[in-house]
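So the structure is just underneath, and the comments pick up after that.
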Amino acid sequence: MNRNKREKEYYSIDVGDSTFMVLKRYQNLRPIGSGAQGIVCSAYDHNLERNVAIKKLSRPFQNQTHAKRAYRELVLMKCVNHKNIIGLLNVFTPQKTLEEFQDVYLVMELMDANLCQVIQMELDHERLSYLLYQMLCGIKHLHSAGIIHRDLKPSNIVVKSDCTLKILDFGLARTAATGLLMTPYVVTRYYRAPEVILGMGYQANVDVWSVGCIMAEMVRGSVLFPGTDHIDQWNKVIEQLGTPSQEFLMKLNQSVRTYVENRPRYAGYSFEKLFPDVLFPADSEHNKLKASQARDLLSKMLVIDASKRISVDEALQHPYINVWYDPTEVEAPPPMITDKQLDEREHTVEEWKELIYKEVLDWEERTKNGVIRGQPASIVTQYSSRRVLISCSAMTLFSFAISL
Ligand code: AMP
């Protein structure tokens with residue numbers, strides 16, 4: 001495309017401390033959030049005639065960590081298409097050549113709030129179990145493509161007022177180092193499983209631990225294991241759940257085992273003590289049953305030893321969750337990941353720059369004829385007939401605007 005034509009398609013607007021240079025089809029930009037990668041805005045898309053979210057990745061190739069994450073996110077978002085994973089609607093860069101290349105803009109479906117904001121609300125069992133069911137569906141779908149998240153947290157899960165939920169990111173690359181002996185840097189670790197904190201091997205049910213922590217927080221209204229740093233994170237776990245068995249300690253490598261064995265010993269608390277009846281809505285026989293089912297699910301997810309923790313499939317079959325079971329959501333065909341070396345890649349900044357630039361051009365090429373991926377808004381808000389039977393009407397999560 002010639003340079004003048006391309007320049008005319010974009011305009012620049014200041015949002016917070018950042019300047020967004022976006023296609024003219026996107027108007028009314030308003031900041032709605034920020035994460036490690038940059039600022040996210042809501043906008044109105046005049047082509048699709050709907051509101052969208054736009055995330056700006058500023059110089060995503062600036063260092064290894066940023067580049068790997070941006071590239072992985074871009075490749076995976078292009079491949080994955082599931083109602084509980086955020087859908088990519090568009091990708092663009094306003095720069096015209098590889099030499100000038102600076103920023104990538106990801107256009108996604110717009111949701112209403114992240115889960116941090118929902119945790120403060122008093123949820124009934126219907127809403128709580130439906131949100132958990134959707135988290136598990138999204139996680140199962142990622143697992144079916146070989147993507148194990150390992151870093152699920154409320155800020156990376158978004159919801160709409162109709163109680164639908166989507167996971168925003170794809171977590172840690174297989175090669176990302178995480179363990180106790182890593183230098184601390186500022187990230188939220190409250191939801192990370194013991195095997196991640198302790199730098200052990202892990203399986204798919206590493207993500208079930210995070211769901212357990214998120215569920216616990218929704219029930220309690222406060223963070224379950226609020227570690228102040230990566231070492232304190234482990235202390236918070238054992239103070240509440242108790243020092244794990246010798247069998248578990250034997251699975252640790254020598255230096256970590258020495259540290260863990262030298263901690264004070266804790267007996268831990270029963271799940272009745274950790275999650276007493278008063279935390280749950282319990283005004284009817286139905287609610288009493290649901291509270292005991294919820295507690296039972298928590299006790300099976302929050303198990304330090306992963307070999308004794310339930311799997312995602314078992315969680316989906318649990319009585320608290322399986323009321324929502326719909327095979328089209330749970331057993332959706334796995335996405336095909338095109339880049340098999342995605343997690344192993346190591347590149348120089350210049351190579352990353354080119355790889356990311358090529359991914360953006362590839363998207364532009366593939367969508368040139370107006371083909372857009374992602375679910376139309378009407379499908380996202382549909383309820384299955386069984387679900388309508390359960391809730392009688394479309395379920396709402398909140399009817400007021402949440403200020404972000
Ligand atoms: P991220 O940079 O992906 O970590 O996102 C940072 C924050 O921006 C999230 O915690 C959400 O509050 C918000 N956010 C990101 N993407 C969306 C979206 N598609 N819809 C609504 N809010 C979003």
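How things are named: the first chain in the structure tokens is A, the next is B, and so on; residues count from 1 in each chain; ligands count from 1 in the order shown.
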
As a PyMOL selection string, please: every residue in segment 210-245 of chain A that DSSP puts in helix (DSSP H, G or I).
chain A and resi 210-220+230-241

Shell around Lys273 of chain A at 12 Å using only C-alpha atoms, local window under 6 positions removed, as a PyMOL selection string:
chain A and resi 240-241+279+295+299

Counting only C-alpha atoms, the residue of A:Ile356, A:Val278, A:Met200, A:Ala291 that sits nearest Gln254 of chain A
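When distances to Gln254 of chain A are compared using only C-alpha atoms, the smallest one comes from A:Met200.
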
Given only C-alpha atoms and all ligand atoms, how would the per-residue table for chain A near ligand 1 read, listing every residue at most 7 Å away with its closest atom pair and distance in Å to one decimal, sorted by chain and number, as a tab-separated table?
residue	atom	partner	partner_atom_place_in_ligand_line	distance
A:Ile32	CA	ligand 1	13 (C)	5.7
A:Gly33	CA	ligand 1	8 (O)	3.5
A:Ser34	CA	ligand 1	6 (C)	4.2
A:Gly35	CA	ligand 1	2 (O)	3.6
A:Ala36	CA	ligand 1	2 (O)	6.0
A:Gln37	CA	ligand 1	2 (O)	5.5
A:Gly38	CA	ligand 1	2 (O)	5.8
A:Ile39	CA	ligand 1	2 (O)	6.4
A:Val40	CA	ligand 1	8 (O)	5.2
A:Ala53	CA	ligand 1	19 (N)	4.9
A:Lys55	CA	ligand 1	2 (O)	6.8
A:Ile86	CA	ligand 1	19 (N)	6.5
A:Met108	CA	ligand 1	19 (N)	5.1
A:Glu109	CA	ligand 1	19 (N)	5.1
A:Leu110	CA	ligand 1	20 (N)	3.9
A:Met111	CA	ligand 1	20 (N)	3.7
A:Asp112	CA	ligand 1	21 (C)	5.4
A:Ala113	CA	ligand 1	22 (N)	5.8
A:Asn114	CA	ligand 1	12 (O)	4.7
A:Ser155	CA	ligand 1	10 (O)	4.0
A:Asn156	CA	ligand 1	10 (O)	5.3
A:Val158	CA	ligand 1	21 (C)	6.2
A:Leu168	CA	ligand 1	3 (O)	5.9
A:Asp169	CA	ligand 1	3 (O)	6.5

Which is closest to Met250 of chain A among A:Ala43, A:Ile85, A:Glu359, A:Asp305, if we use only C-alpha atoms?
A:Asp305

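The coordinates place atom CA of Arg220 of chain A at 23.4 Å from atom CA of Cys137 of chain A.
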
Residues near segment 98-100 of chain A, cut-off 12 Å, only C-alpha atoms, skip fewer than 4 positions along chain, as a list in words
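The neighbour list is Arg59, Thr93, Pro94, Glu350, Glu351, Trp352, Lys353, Glu354, Leu355, Ile356, Tyr357, Lys358, Glu359, Val360 and Leu361 of chain A.
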